[in-house]
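Report on the structure given below.
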Amino acid sequence: MQGEGIFSGLTEPQAEAVRHTEGALLVLAGPGSGKTRVITRRIAYLVECGIPPWQILAVTFTNKAAAEMRERVVKLLGSADGGTPQKGGGTRGLLVTTFHALCARLLRKYAGIAGVPGIDGNFVIYDTDDQMTLLKRAIETLELSTTNWPARSVLSKISDAKNKLLDAQAFAASPAGGDFYGRTLAKIYAEYQKGLRAADAVDFDDLLLLTAKMLEQHTEVREACRDRWHYLLVDEYQDTNKAQFEIAALLAGGERAAGGEANARPTNICVVGDPDQSIYAWRGADIGNILDFEDLYPGSRVIALGENFRSTQHIIGAADRLIRKNTRRKHKDLFTSNPVGDKVEVAICRDEHHEAALVVDWMKARKQDGTLNWKDMAVFYRTNALSRVIEDAMRAEAIPYVIARGTAYYQREEVKHALGYLRVVANPLDEVSLGRVVNVPARGIGDTTLGKIELWAGENGSGMFEALRQSAAGRGVAVGPKAAGAIGKFVAMIDVWRGLVPEGELGVGGVKGSLAELVEKVVRDSGLEAMYKAGRTDTDEERVQNLAELVSSAREFEEMYEPGSDPVLSKEEGIEASRHRGIEAVGTMGLLRAYLERVTLVSDADAVDPAQGAVTLMTLHAAKGLEFGAVAMIGLEEGVLPHSRVASNPAELEEERRLCFVGITRAMRRLLLTSSRYRTVRGITERTMTSRFIDELPREHVQLSDQSAWQEAGWDVPGRAEGRSTDLRPVSAEVKGLRVGIRVRHPQFGIGEVVGVTGGGDARAQVRFRDIGIKTLVLAYARLEKLD
DNA sequence: ACCGGTGCTCTCTAT
DNA sequence: GAGCACCGGT
């Protein structure tokens, strides 16, 4: 009886992967091959075999993937529990979480014991904005120019280093830190780290780097982890970077070919992934991790899941041919026994507006088929900037849509301010947050005053908050009486809030709603709410709404914060961790910290909720792991996909191709690829070239849309299309009084003189501008204003 | 101290 | 086309 449900409906390779529980296992899971099914069944199987769930750790990249996996395992084991529907079913202690949340948890639990330099268990996590602020400060401290050392690119260099497990010292000693540029970078890196530690903060990359180092250097922590988790599963393994690779390897223990001591127990590591879907090399992911898995774990088993259960034959055929162009991969045949289906449609559009209209029409047609609902459709694009025109078109046609940008809400100004206050409450050392909120709304603590206090703080080796407190009390640096009063009020306000959340009191089961109450109090007493209420614009009103929403989100978090439900810190774990710190239970402060952590670690992909009955708009990166009945991919142009920044680099070009592959393979039944002849980027309209990826698609699986504005030889076009295309060509602006010698104004290029005109289908004018010389402009797009 | 305007830069993907 | 730094007025 046991196990019957677990293996039902599985193909032989799938069942084999489920059954293989001991030793290292690599599952090469092509798109739509039932990967999640295999993973969840495998976990359920382990439990049914008698492995205690708390010995199993599954790691993913997004909260959503983790939540889905957990849910499906609970469902599987819930019924297998034999009618004892006790809370959590047979999954008590099972940990399914993301890399970042796992690291945060391990660091909070062990950083104190392991003596990880500079941080304790209460650290805050800095997001990209916070990183930039801190980094700019570091660059200024070193008296370097932010023009020569743009924070954006310096940050990416530091991030690269961290992902390769190079801390500031190691970076300085590495070849990259050798020349002048490298030495300066190393100095900035070190200064930046100093800032992070002073603020008791870690950035996203630190979470991974510090955890890897901690596991590597502290035997007792490593052993504690190995004692706890005997079965490790890593999803999307092709996207792991060096730090994540090390963490997985250190947790797995056992015998590895490179760099690890033998462990008493076998290496029960199971990694699942697909090299063809590796799309995160730019943030350090190393496709070699999956390609070389077998070498690193001798005796490992490899199971390839190539059969696709998601898409039609035409879609799979197109995807398979495209990805074969790549050289750095592990070949596996993609095949499906699904119906042939419709051919992949390609549409060449005039411009992005035509493209958007075409996509909207196409989706309306799918809806009218009666087979697909809005929620079954999605639009993918390479860059977020491309979503705008689509959004406008959707709004104009009243089609419900959602953008998968989970982080957008938390990046709004008002929300960032409110969270800034909360972070100062949780951690007064957090100087980035302190700096953000100290004078918002304006309360008379201006730059001059802050400058003085900062100087004093530096000289006296005190933190900013402490310096403010001293100043208000008349013991710090002298400031004007007005400023001193304002500072005093600010410090007192924070102190009151902190007093509301005494460490270690008010447990989860204690005062209900205390976190939400705190958030509400902060929003109100800080004056944030009043500030936006005083505004008259729609934006201000929206901001008040958003602040109210933040209170609700805190309440929601608080209510769902039940034992085992939180991947970051379950109740048992919280108590366990508290014991190390000598605290009885997770207080409201702990709850606040968990909430702030949660809020920082949300991902865009987490926001995808098909229940909403709306078309989903998202980047190709966010689309991985999802599927839709109908998919439209826009902007298949050279410079967009593949992106212009990778044009010359073969390895990066392959990644762009994989990105295209990921997009195509999300589609179950219908797929539309569009390319635009003209596209306006940063206000400049330019002629484009159709993406090479379209040319690489096999003609037998592809047809040109009859809505296409341009037709090309060699394309299979369905009937009735002849002549249609010309109707859609741009309406000529005529040579509307434009002739050589006339002066015109262009919104970007300024004033220029017409030096040539071409009439016909797409009337153009050559205009000489003072600064940039002669430009050929298509009159239908150029918005030229006649001056004479 | 604060606020609004201008002019400049730099454009991807994201936990 | 947006976000940021700088500047000048209130």
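As shown in the structure tokens, the chain order sets the letters A, B, ...; within each chain, residues go from 1, and ligands are also counted from 1 in the order they appear.
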Chain A residues within 10 Å of chain B, counting only C-alpha atoms (C1' of nucleotides): which ones, as a PyMOL selection string?
-> chain A and resi 61-62+98-101+127-128+204-205+279-280+282-283+382-385+407+442-448+600-605+619-622+640+643-645+659+681-682
Since we have the selection now, will you write its residues out, keeping C-alpha atoms, as a PDB file, in the first residue's frame?
```
ATOM      1  CA  PHE A  61      15.773  30.410  -5.439  1.00  0.00           C
ATOM      2  CA  THR A  62      12.422  32.055  -4.855  1.00  0.00           C
ATOM      3  CA  THR A  98      15.489  29.810  -0.417  1.00  0.00           C
ATOM      4  CA  PHE A  99      19.259  30.120  -0.363  1.00  0.00           C
ATOM      5  CA  HIS A 100      19.093  33.638   1.000  1.00  0.00           C
ATOM      6  CA  ALA A 101      16.563  32.847   3.720  1.00  0.00           C
ATOM      7  CA  ASP A 127      18.877  45.800  -0.469  1.00  0.00           C
ATOM      8  CA  THR A 128      20.339  47.292  -3.641  1.00  0.00           C
ATOM      9  CA  PHE A 204      22.493  40.015  -0.306  1.00  0.00           C
ATOM     10  CA  ASP A 205      25.890  38.721  -1.313  1.00  0.00           C
ATOM     11  CA  ILE A 279      20.239  32.550 -17.254  1.00  0.00           C
ATOM     12  CA  TYR A 280      22.003  34.090 -14.294  1.00  0.00           C
ATOM     13  CA  TRP A 282      25.657  37.838 -14.865  1.00  0.00           C
ATOM     14  CA  ARG A 283      25.101  37.485 -11.184  1.00  0.00           C
ATOM     15  CA  ARG A 382      13.824  41.217 -22.181  1.00  0.00           C
ATOM     16  CA  THR A 383      13.884  44.489 -20.246  1.00  0.00           C
ATOM     17  CA  ASN A 384      11.372  46.058 -17.927  1.00  0.00           C
ATOM     18  CA  ALA A 385      11.307  49.225 -20.004  1.00  0.00           C
ATOM     19  CA  THR A 407       9.635  44.149  -5.264  1.00  0.00           C
ATOM     20  CA  ALA A 442      11.119  67.732   7.228  1.00  0.00           C
ATOM     21  CA  ARG A 443      11.491  68.347  10.940  1.00  0.00           C
ATOM     22  CA  GLY A 444      14.303  70.871  10.994  1.00  0.00           C
ATOM     23  CA  ILE A 445      17.284  68.537  11.014  1.00  0.00           C
ATOM     24  CA  GLY A 446      19.009  69.765   7.888  1.00  0.00           C
ATOM     25  CA  ASP A 447      22.200  68.863   6.109  1.00  0.00           C
ATOM     26  CA  THR A 448      24.352  71.363   7.999  1.00  0.00           C
ATOM     27  CA  THR A 600      13.761  42.385   1.950  1.00  0.00           C
ATOM     28  CA  LEU A 601      13.960  38.912   0.492  1.00  0.00           C
ATOM     29  CA  VAL A 602      10.821  38.996  -1.651  1.00  0.00           C
ATOM     30  CA  SER A 603      11.453  38.437  -5.308  1.00  0.00           C
ATOM     31  CA  ASP A 604       9.662  39.548  -8.420  1.00  0.00           C
ATOM     32  CA  ALA A 605       8.696  36.009  -9.223  1.00  0.00           C
ATOM     33  CA  THR A 619      10.652  39.750 -17.868  1.00  0.00           C
ATOM     34  CA  LEU A 620      12.047  36.586 -19.363  1.00  0.00           C
ATOM     35  CA  HIS A 621      14.091  36.098 -16.215  1.00  0.00           C
ATOM     36  CA  ALA A 622      11.004  36.138 -14.041  1.00  0.00           C
ATOM     37  CA  VAL A 640      17.112  43.773 -27.284  1.00  0.00           C
ATOM     38  CA  HIS A 643      20.814  42.443 -25.688  1.00  0.00           C
ATOM     39  CA  SER A 644      23.275  44.932 -27.128  1.00  0.00           C
ATOM     40  CA  ARG A 645      25.643  44.530 -24.221  1.00  0.00           C
ATOM     41  CA  LEU A 659      16.794  33.182 -22.262  1.00  0.00           C
ATOM     42  CA  VAL A 681      14.611  53.687 -26.928  1.00  0.00           C
ATOM     43  CA  ARG A 682      15.350  56.573 -24.562  1.00  0.00           C
TER      44      ARG A 682
END
```
Select all residues from chain A having any atom no more than 12 Å from an atom of chain C (counting only C-alpha atoms (C1' of nucleotides), ignoring ligands), output as JSON, numbers by chain.
-> {"A": [146, 147, 385, 388, 680, 681, 682, 683, 684, 747, 748]}
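Picture a line from CA of Gly34 in chain A to CA of Gly341 in chain A; it runs 20.2 Å.
Of the residues in range 81-286 of chain A, those that DSSP places in strand (DSSP E or B) on the basis of the backbone are Leu95, Val96, Thr97, Thr98, Val124, Ile125, Tyr126, Ala201, Val202, Asp203, Tyr231, Leu232, Leu233, Val234, Asn241, Ile269, Cys270, Val271, Val272, Gly273 and Ala285 of chain A.
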Using the selection just defined, write its residues with C-alpha atoms as a tab-separated table (two decimals), in the first residue's frame.
```tsv
chain	number	residue	atom	x	y	z
A	95	LEU	CA	12.58	22.72	5.68
A	96	VAL	CA	11.95	24.07	2.21
A	97	THR	CA	13.43	27.49	1.77
A	98	THR	CA	15.49	29.81	-0.42
A	124	VAL	CA	19.59	43.86	8.97
A	125	ILE	CA	19.77	42.96	5.32
A	126	TYR	CA	20.56	45.77	2.89
A	201	ALA	CA	24.15	45.03	8.25
A	202	VAL	CA	24.81	42.49	5.54
A	203	ASP	CA	23.99	42.75	1.86
A	231	TYR	CA	19.11	14.75	2.73
A	232	LEU	CA	19.83	17.85	0.72
A	233	LEU	CA	17.98	18.89	-2.38
A	234	VAL	CA	18.87	21.89	-4.54
A	241	ASN	CA	27.09	30.68	-8.03
A	269	ILE	CA	22.73	15.42	-2.26
A	270	CYS	CA	20.23	15.66	-5.05
A	271	VAL	CA	20.50	18.53	-7.46
A	272	VAL	CA	17.95	19.33	-10.11
A	273	GLY	CA	18.42	21.67	-13.00
A	285	ALA	CA	25.92	31.68	-11.61
```
Nearby residues (only C-alpha atoms (C1' of nucleotides)) at most 7 Å from range 668-677 of chain A, same-chain spacing under 3 positions excluded, as a ChimeraX atom specification = /A:310-312,341-342,344-352,355,627-637,687-690
Same residues, N, CA and C atoms, saved as a compact mmCIF listing (two decimals), in the first residue's frame:
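part12.txt, freshly written:
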```
# COMPACT_ATOMS: atom_id res chain seq x y z
N ARG A 310 4.40 19.58 -21.42
CA ARG A 310 3.77 20.89 -21.36
C ARG A 310 3.30 21.40 -22.72
N SER A 311 4.19 21.32 -23.71
CA SER A 311 3.95 22.09 -24.93
C SER A 311 3.60 21.22 -26.13
N THR A 312 3.11 21.87 -27.16
CA THR A 312 2.80 21.17 -28.40
C THR A 312 4.09 20.85 -29.16
N GLY A 341 -0.38 20.71 -32.60
CA GLY A 341 -0.73 22.08 -32.23
C GLY A 341 -0.53 23.08 -33.35
N ASP A 342 -0.61 24.36 -33.00
CA ASP A 342 -0.43 25.43 -33.98
C ASP A 342 1.04 25.76 -34.12
N VAL A 344 4.28 28.10 -34.33
CA VAL A 344 4.71 29.31 -33.63
C VAL A 344 4.52 30.48 -34.59
N GLU A 345 3.91 31.55 -34.11
CA GLU A 345 3.68 32.69 -34.98
C GLU A 345 4.77 33.75 -34.79
N VAL A 346 5.20 34.29 -35.90
CA VAL A 346 6.15 35.40 -35.85
C VAL A 346 5.49 36.60 -36.50
N ALA A 347 5.55 37.74 -35.85
CA ALA A 347 5.00 38.96 -36.44
C ALA A 347 6.06 40.04 -36.47
N ILE A 348 6.24 40.61 -37.64
CA ILE A 348 7.16 41.74 -37.77
C ILE A 348 6.31 43.01 -37.76
N CYS A 349 6.55 43.85 -36.80
CA CYS A 349 5.70 45.02 -36.63
C CYS A 349 6.41 46.29 -37.06
N ARG A 350 5.61 47.34 -37.24
CA ARG A 350 6.20 48.62 -37.64
C ARG A 350 7.00 49.22 -36.49
N ASP A 351 6.33 49.37 -35.38
CA ASP A 351 6.98 49.97 -34.23
C ASP A 351 6.38 49.36 -32.98
N GLU A 352 6.79 49.83 -31.83
CA GLU A 352 6.33 49.20 -30.60
C GLU A 352 4.83 49.38 -30.35
N GLU A 355 3.21 46.78 -32.42
CA GLU A 355 3.51 45.53 -31.74
C GLU A 355 2.54 45.29 -30.56
N GLU A 627 4.42 28.37 -16.52
CA GLU A 627 3.87 27.97 -17.81
C GLU A 627 2.55 28.67 -18.03
N PHE A 628 2.25 28.93 -19.32
CA PHE A 628 1.02 29.62 -19.68
C PHE A 628 0.46 28.99 -20.96
N GLY A 629 -0.84 29.00 -21.09
CA GLY A 629 -1.47 28.46 -22.28
C GLY A 629 -1.00 29.20 -23.52
N ALA A 630 -0.96 30.52 -23.43
CA ALA A 630 -0.53 31.33 -24.57
C ALA A 630 0.50 32.34 -24.10
N VAL A 631 1.57 32.44 -24.88
CA VAL A 631 2.66 33.35 -24.52
C VAL A 631 2.99 34.24 -25.71
N ALA A 632 3.13 35.54 -25.44
CA ALA A 632 3.65 36.45 -26.46
C ALA A 632 4.99 36.98 -25.97
N MET A 633 6.00 36.83 -26.82
CA MET A 633 7.32 37.38 -26.48
C MET A 633 7.58 38.54 -27.41
N ILE A 634 7.87 39.69 -26.84
CA ILE A 634 8.04 40.89 -27.68
C ILE A 634 9.52 41.31 -27.74
N GLY A 635 9.79 42.16 -28.71
CA GLY A 635 11.13 42.73 -28.83
C GLY A 635 12.19 41.75 -29.27
N LEU A 636 11.86 40.86 -30.21
CA LEU A 636 12.90 39.96 -30.72
C LEU A 636 13.72 40.68 -31.78
N GLU A 637 14.59 41.53 -31.27
CA GLU A 637 15.42 42.33 -32.15
C GLU A 637 16.86 42.28 -31.67
N ARG A 687 15.85 52.37 -36.39
CA ARG A 687 15.61 51.20 -37.21
C ARG A 687 16.25 50.00 -36.52
N THR A 688 15.59 48.86 -36.55
CA THR A 688 16.16 47.70 -35.86
C THR A 688 16.40 46.56 -36.85
N MET A 689 17.08 45.55 -36.36
CA MET A 689 17.22 44.33 -37.13
C MET A 689 16.53 43.19 -36.37
N THR A 690 15.83 42.37 -37.09
CA THR A 690 15.16 41.24 -36.45
C THR A 690 16.18 40.33 -35.79
```
Separation of CA of Ala365 in chain A from CA of Ala607 in chain A in Å = 26.5 Å
Any chance you could list, as a ChimeraX atom specification, the residues in range 211-417 of chain A that come up alpha helix (DSSP H) when DSSP is run on the backbone?
-> /A:211-217,219-228,242-252,288-291,293-296,313-323,352-368,387-396,413-417
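Coordinates place CA of Ala782 in chain A at a distance of 10.0 Å from CA of Glu686 in chain A.
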Exercise: Leu626 in chain A partners within 10 Å, only C-alpha atoms (C1' of nucleotides), chain neighbours under 3 positions left out, as a list of chain:residue names | A:Pro31, A:Gly32, A:Ala65, A:Ala605, A:Val608, A:Ala622, A:Ala623, A:Val662, A:Gly663, A:Thr665, A:Arg666, A:Ala667
Taking C-alpha atoms for each residue, export the selection above as a PDB file, in the first residue's frame.
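Contents of out_28.pdb, as written:
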```pdb
ATOM      1  CA  PRO A  31      11.457  22.290 -19.525  1.00  0.00           C
ATOM      2  CA  GLY A  32       8.050  20.860 -18.731  1.00  0.00           C
ATOM      3  CA  ALA A  65       8.972  28.005  -5.583  1.00  0.00           C
ATOM      4  CA  ALA A 605       8.696  36.009  -9.223  1.00  0.00           C
ATOM      5  CA  VAL A 608       2.923  35.807  -9.892  1.00  0.00           C
ATOM      6  CA  ALA A 622      11.004  36.138 -14.041  1.00  0.00           C
ATOM      7  CA  ALA A 623       9.276  33.669 -16.354  1.00  0.00           C
ATOM      8  CA  VAL A 662      13.212  29.674 -21.533  1.00  0.00           C
ATOM      9  CA  GLY A 663      10.582  32.057 -22.926  1.00  0.00           C
ATOM     10  CA  THR A 665       9.243  26.716 -23.499  1.00  0.00           C
ATOM     11  CA  ARG A 666       6.853  28.467 -21.105  1.00  0.00           C
ATOM     12  CA  ALA A 667       4.139  28.244 -23.764  1.00  0.00           C
TER      13      ALA A 667
END
```
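Every protein, DNA or RNA residue with an atom at most 8 Å from Gly93 in chain A, where only C-alpha atoms (C1' of nucleotides) count and chain neighbours fewer than 2 positions away do not, is listed here: Pro53, Trp54, Gln55, Thr91, Leu95 and Gly564 of chain A.
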